[in-house]
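Q: My questions will all concern the structure given below.
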Amino acid sequence: MRTADLTTALILIAGGALVIWDSLRLGIGWGSDGPQSGFFPFWLAVLLVGACAVIALQAHRRASDRPFVTRQQLRPVLSTLLPSAAFVVLTQFIGLYVATMLFMGFYMRWIGRYGWVLVVGVSVLFPIAIFVIFEKWFLVPMPKGPLEAWLGY
Amino acid sequence: MGWENLLLGFQVAAQPVNLGLAVLGITLGTIIGVLPGLGGANGVAILLPLTFSMNPTSAIILLTSLYWGALFGGAITSILFNIPGEPWSVATTFDGYPMARQGQGGEALTAAFTSSFVGALFSVVLITLFAPLLAEIALKFGPPEFFAIQLLTFSSFIGLGGGNPLKSLASILIGFILASAGLDIVTGQLRLTFGITELMKGFDFIVAVIGLFGVGEILLSVEEGLSFRGVTARINPRVVWQTWKTLPRYYRTFIRGAFIGFWMGFKPGGATPASFMSYAFAKRFSRHPERFGKGEIEGVVAPETAAHAAGGASLLPMITLGIPGSPTAAVMLGGLIIWGLQPGPMLFREKPEFVWGLIASMYTGNLIGVAMVLAFVPLFAAILRIPFPILTPLIVAVCAVGSYAVHDSMIDIWYMLLFGVIGYVFKKLDYPLAPLVLALVLGDLAENALRQSLIMSQGSLLILFERPISGAISAVAVFFFALPLLQPYLRRARKPEVAAVASHDG
């Protein structure tokens, strides 16, 4: 917990410093038409750095023994996060519908260990449902890839 | 004058299309409320793109109905599965789940839905009465007043939010900083883009909501293992009727809960403390405080009434001032802007059919909602029996769809994933997420209000304190900001007294 708390605070301080640096470039003073662009972010970032410095101090002093995440918890979290990340990468290249199908199929088979009939059924029908609702009824387009292009969409 | 407007509103809300949308919204909302990882805020966020082509009044009716549905859905998971879908449902689990385990799940659910209905109705009546007045006052507000209200909004997270006030402050600041990224519309300069064109568009709060609350919540809930254990409940007209006959006995709890909920709720972040406060009061004034926590029906009535009164009340500042009281209200506010409406007091003058249609739909939506959830509880509860390995990828995919649809942009799906990880880490480290989202929504408005105020005063921040209305609001805000610093002293001042009383008793 302590390490995670400290790390987060330090990352936020670094982020704050970055914002301060960019705000100084834009100008934090008084321009011809009121406060310059950097004025608002500059003071926000100064406060953020201050608040996070104190949070880091608190975390340093009052160490909690409770771990941030146990090994037992980390496994299901990673086995959800990593396939989700892969799903996003896939969406970028082959479109959302096919990526959803692969993601659902993989997750159901790998984590859920379902039979192939159910796996294929759900992972094919669900993207089709999204397609009908979003693309057809509400005319909201989704990212598409080669398969959709081949089908003429 | 108010009644004619309300009548006009009912004519709008009672149109078949709008009634149909209310039913649809409540159904979807209840499903969303029952599903882990999807709550009111991100449910509304995901469906927002579907409303782009609707007329604004129908769209807002769909979204508010969704909101009521999500609130009802939260009660189902709390009582039958001991999983609070939302933070303000936590207090409902204290007595709701024990009741369900003793075979009184139907009674607990009936009590919860009825209390929700009463609480929400109370808020809506007060909104009907006060919203036009508040809007009238707000019309006289200038930039300093608006900035003062923003200060008050965020100070209440720090002063009343509980938890570590510094972490609340950090969340607020992060939200504001993210909001300032991208093109500065006043000066035309690019901020915090570091020369990367993709960053020019800035961060959309809808994507942040979906990531923080949706993906982040999923990661948190898989941590606990990949299954739910629930209790089944039988609910039929007889159970409902029997429970209804006992409920009038708790009229004091209803009234207290409704007032606490409304009072806490129109300030941001109020629903959760309101539900706990109402529960604590009910326990203190009860003749059988020892029964609380073991399955006392009053322990379900109290938090549910307050939470829903607060949920309704959070819409009051949204429609009158253009400042949302909760993340869900914030998403709806974002919707208003997308539909081409200018949120704020002018809405009452320029779009009466919209405002009053919305208010009237709160009545009809709640009425339809309570009837529907009572009738279809088993169906909604069955959703939680869908196994996790199917639900998890399904919810992640739906979140991606919602994120992409906002701007048709792929980078938003990446942001969603990023915000999901941030949401997971922040939740574990007790950084509150709601203030971050509100700050992200209100960032531009707050900055413009501050800029204009400073221009009016030639750069002096004192303008916030010099004008009477903004001065009073700012003073309260400063008090809330300072509250965490003052608290140790207040406690020390009170302690000798308590000690004296205790020794007296002994």
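For the structure tokens, the naming scheme is as follows: chains receive sequential letters (A, B, ...) according to their order of presentation, residues are indexed from 1 within each chain, and ligands are indexed from 1 in presentation order.
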DSSP on the backbone, strand (DSSP E or B) only: what residues of stretch 10-122 of chain A does that give? Format it as a ChimeraX atom specification.
A: /A:30-31,34-35,95
Q: I'd like to know which residues of stretch 43-100 of chain A are alpha helix (DSSP H) (by DSSP, run on the backbone); could you write them as number ranges by chain?
A: A: 43-61, 71-94, 96-100
Q: Pull C-alpha atoms from the residues just selected and write them as an mmCIF file, in the first residue's frame.
A:
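What follows is the written file again.cif:
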data_model
loop_
_atom_site.group_PDB
_atom_site.id
_atom_site.type_symbol
_atom_site.label_atom_id
_atom_site.label_comp_id
_atom_site.auth_asym_id
_atom_site.auth_seq_id
_atom_site.Cartn_x
_atom_site.Cartn_y
_atom_site.Cartn_z
ATOM 1 C CA TRP A 43 -2.003 27.419 -10.285
ATOM 2 C CA LEU A 44 -3.883 24.096 -10.486
ATOM 3 C CA ALA A 45 -0.596 22.294 -10.989
ATOM 4 C CA VAL A 46 1.119 24.195 -8.187
ATOM 5 C CA LEU A 47 -1.672 23.143 -5.818
ATOM 6 C CA LEU A 48 -1.509 19.569 -7.127
ATOM 7 C CA VAL A 49 2.230 19.330 -6.524
ATOM 8 C CA GLY A 50 1.730 20.736 -3.023
ATOM 9 C CA ALA A 51 -1.142 18.363 -2.168
ATOM 10 C CA CYS A 52 0.696 15.329 -3.519
ATOM 11 C CA ALA A 53 3.887 16.233 -1.654
ATOM 12 C CA VAL A 54 1.904 16.122 1.595
ATOM 13 C CA ILE A 55 0.158 12.881 0.533
ATOM 14 C CA ALA A 56 3.595 11.361 -0.144
ATOM 15 C CA LEU A 57 4.817 12.498 3.281
ATOM 16 C CA GLN A 58 1.735 11.004 4.943
ATOM 17 C CA ALA A 59 2.204 7.744 3.081
ATOM 18 C CA HIS A 60 5.860 7.682 4.054
ATOM 19 C CA ARG A 61 5.093 8.172 7.731
ATOM 20 C CA ARG A 71 -0.913 -12.224 -5.764
ATOM 21 C CA GLN A 72 -4.259 -13.974 -5.603
ATOM 22 C CA GLN A 73 -6.100 -10.800 -6.629
ATOM 23 C CA LEU A 74 -3.587 -9.794 -9.263
ATOM 24 C CA ARG A 75 -4.138 -12.900 -11.368
ATOM 25 C CA PRO A 76 -7.821 -12.296 -12.271
ATOM 26 C CA VAL A 77 -7.164 -8.575 -12.666
ATOM 27 C CA LEU A 78 -4.355 -9.120 -15.153
ATOM 28 C CA SER A 79 -6.231 -11.882 -16.920
ATOM 29 C CA THR A 80 -8.974 -9.305 -17.539
ATOM 30 C CA LEU A 81 -6.812 -6.264 -18.185
ATOM 31 C CA LEU A 82 -4.409 -7.848 -20.663
ATOM 32 C CA PRO A 83 -7.100 -9.371 -22.931
ATOM 33 C CA SER A 84 -8.933 -6.022 -22.765
ATOM 34 C CA ALA A 85 -5.775 -4.232 -23.897
ATOM 35 C CA ALA A 86 -5.357 -6.776 -26.673
ATOM 36 C CA PHE A 87 -8.972 -6.129 -27.648
ATOM 37 C CA VAL A 88 -8.270 -2.414 -27.990
ATOM 38 C CA VAL A 89 -5.174 -3.097 -30.118
ATOM 39 C CA LEU A 90 -7.198 -5.448 -32.318
ATOM 40 C CA THR A 91 -9.993 -2.888 -32.662
ATOM 41 C CA GLN A 92 -7.465 -0.450 -34.069
ATOM 42 C CA PHE A 93 -6.581 -2.842 -36.900
ATOM 43 C CA ILE A 94 -9.504 -5.151 -37.634
ATOM 44 C CA LEU A 96 -14.599 -3.316 -33.321
ATOM 45 C CA TYR A 97 -16.957 -6.085 -34.367
ATOM 46 C CA VAL A 98 -14.392 -8.743 -35.181
ATOM 47 C CA ALA A 99 -12.259 -7.718 -32.205
ATOM 48 C CA THR A 100 -15.283 -8.066 -29.894
#
Q: Would you please work out which residue, of B:Asn55, B:Val425, B:Asn448, B:Leu440, is nearest to A:Ala4 when using only C-alpha atoms?
A: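 Closest to A:Ala4 of all the choices is B:Val425.
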Q: Which is closer to chain A than all the others in B:Tyr404, B:Tyr489, B:Phe348, B:Phe480, using only C-alpha atoms?
A: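 Result for the nearest residue to chain A: B:Tyr404.
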Q: Name all residues at most 10 Å from B:Ser286 (count only C-alpha atoms; drop same-chain ones fewer than 4 positions away) and give them as an mmCIF file with N, CA and C atoms, in the first residue's frame.
A:
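To be explicit, this is the file written out as result-v4.cif:
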data_model
loop_
_atom_site.group_PDB
_atom_site.id
_atom_site.type_symbol
_atom_site.label_atom_id
_atom_site.label_comp_id
_atom_site.auth_asym_id
_atom_site.auth_seq_id
_atom_site.Cartn_x
_atom_site.Cartn_y
_atom_site.Cartn_z
ATOM 1 N N TYR B 250 -43.680 3.546 9.507
ATOM 2 C CA TYR B 250 -42.364 4.173 9.546
ATOM 3 C C TYR B 250 -42.382 5.570 8.937
ATOM 4 N N THR B 253 -39.492 7.842 9.667
ATOM 5 C CA THR B 253 -38.247 7.503 8.973
ATOM 6 C C THR B 253 -38.284 7.995 7.536
ATOM 7 N N ALA B 280 -28.296 6.065 10.299
ATOM 8 C CA ALA B 280 -27.882 6.289 11.688
ATOM 9 C C ALA B 280 -28.999 6.918 12.502
ATOM 10 N N PHE B 281 -29.703 7.888 11.894
ATOM 11 C CA PHE B 281 -30.803 8.541 12.602
ATOM 12 C C PHE B 281 -31.919 7.543 12.901
ATOM 13 N N ALA B 282 -32.247 6.721 11.888
ATOM 14 C CA ALA B 282 -33.327 5.754 12.077
ATOM 15 C C ALA B 282 -32.988 4.819 13.232
ATOM 16 N N GLU B 290 -31.325 -2.429 18.601
ATOM 17 C CA GLU B 290 -30.506 -3.648 18.576
ATOM 18 C C GLU B 290 -30.863 -4.540 17.400
ATOM 19 N N ARG B 291 -32.059 -4.296 16.786
ATOM 20 C CA ARG B 291 -32.445 -5.141 15.652
ATOM 21 C C ARG B 291 -31.761 -4.708 14.367
ATOM 22 N N PHE B 292 -31.232 -3.483 14.349
ATOM 23 C CA PHE B 292 -30.608 -2.976 13.122
ATOM 24 C C PHE B 292 -29.366 -3.791 12.782
ATOM 25 N N GLU B 298 -36.910 -1.202 8.719
ATOM 26 C CA GLU B 298 -36.674 0.235 8.813
ATOM 27 C C GLU B 298 -35.253 0.581 8.345
ATOM 28 N N GLY B 299 -34.336 -0.357 8.522
ATOM 29 C CA GLY B 299 -32.959 -0.160 8.081
ATOM 30 C C GLY B 299 -32.812 -0.204 6.572
#
Q: Residues at most 9 Å from B:Ala307, counting only C-alpha atoms, excluding those fewer than 4 positions away in the same chain, as a ChimeraX atom specification?
A: /B:71,88-89,116,119-120,257-258,261-262,265,270-276,278,302-303,311-312
Q: Return the single residue from B:Val34, B:Leu418, B:Leu50, B:Ala375 that is closest to A:Lys136, with distances computed using only C-alpha atoms.
A: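 Ranked by minimum distance to A:Lys136, first place goes to B:Leu50.
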Q: When you count only C-alpha atoms, which of these residues is closest to chain A: B:Pro435, B:Gly402, B:Pro143, B:Gly20?
A: B:Gly402
Q: Which one of B:Leu442, B:Ala381, B:Val215, B:Leu462 sits closest to chain A if you count only C-alpha atoms?
A: B:Val215
Q: As an exercise, work out the distance from atom CA of B:Leu394 to atom CA of A:Ser123 in Å and give it to one decimal place.
A: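 Computing it gives 9.1 Å between the two atoms.
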Q: Just the residues within 7 Å of A:Gly38, please, counting only C-alpha atoms, with nothing from its chain fewer than 3 positions along; format it as a PyMOL selection string.
A: chain A and resi 23-24+26-28+41-42
Q: Please dump the current selection as a tab-separated table (two decimals), in the first residue's frame; keep N, CA and C atoms.
A:
chain	number	residue	atom	x	y	z
A	23	SER	N	2.81	25.52	-18.76
A	23	SER	CA	2.09	26.77	-18.47
A	23	SER	C	3.04	27.95	-18.52
A	24	LEU	N	4.26	27.76	-18.01
A	24	LEU	CA	5.24	28.85	-18.04
A	24	LEU	C	5.55	29.25	-19.47
A	26	LEU	N	3.42	29.08	-21.91
A	26	LEU	CA	2.26	29.82	-22.43
A	26	LEU	C	2.12	31.19	-21.77
A	27	GLY	N	2.72	31.35	-20.62
A	27	GLY	CA	2.58	32.61	-19.89
A	27	GLY	C	1.52	32.51	-18.82
A	28	ILE	N	1.90	32.87	-17.61
A	28	ILE	CA	0.95	32.72	-16.50
A	28	ILE	C	0.49	34.08	-16.00
A	41	PRO	N	-4.07	26.58	-15.56
A	41	PRO	CA	-3.36	25.31	-15.31
A	41	PRO	C	-2.16	25.48	-14.38
A	42	PHE	N	-1.47	26.63	-14.45
A	42	PHE	CA	-0.30	26.82	-13.61
A	42	PHE	C	-0.65	26.69	-12.13
Q: Using only C-alpha atoms, which of the listed residues (A:Met104, A:Leu12, A:Leu6, A:Leu151) sits closest to chain B?
A: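 Ranked by minimum distance to chain B, first place goes to A:Met104.
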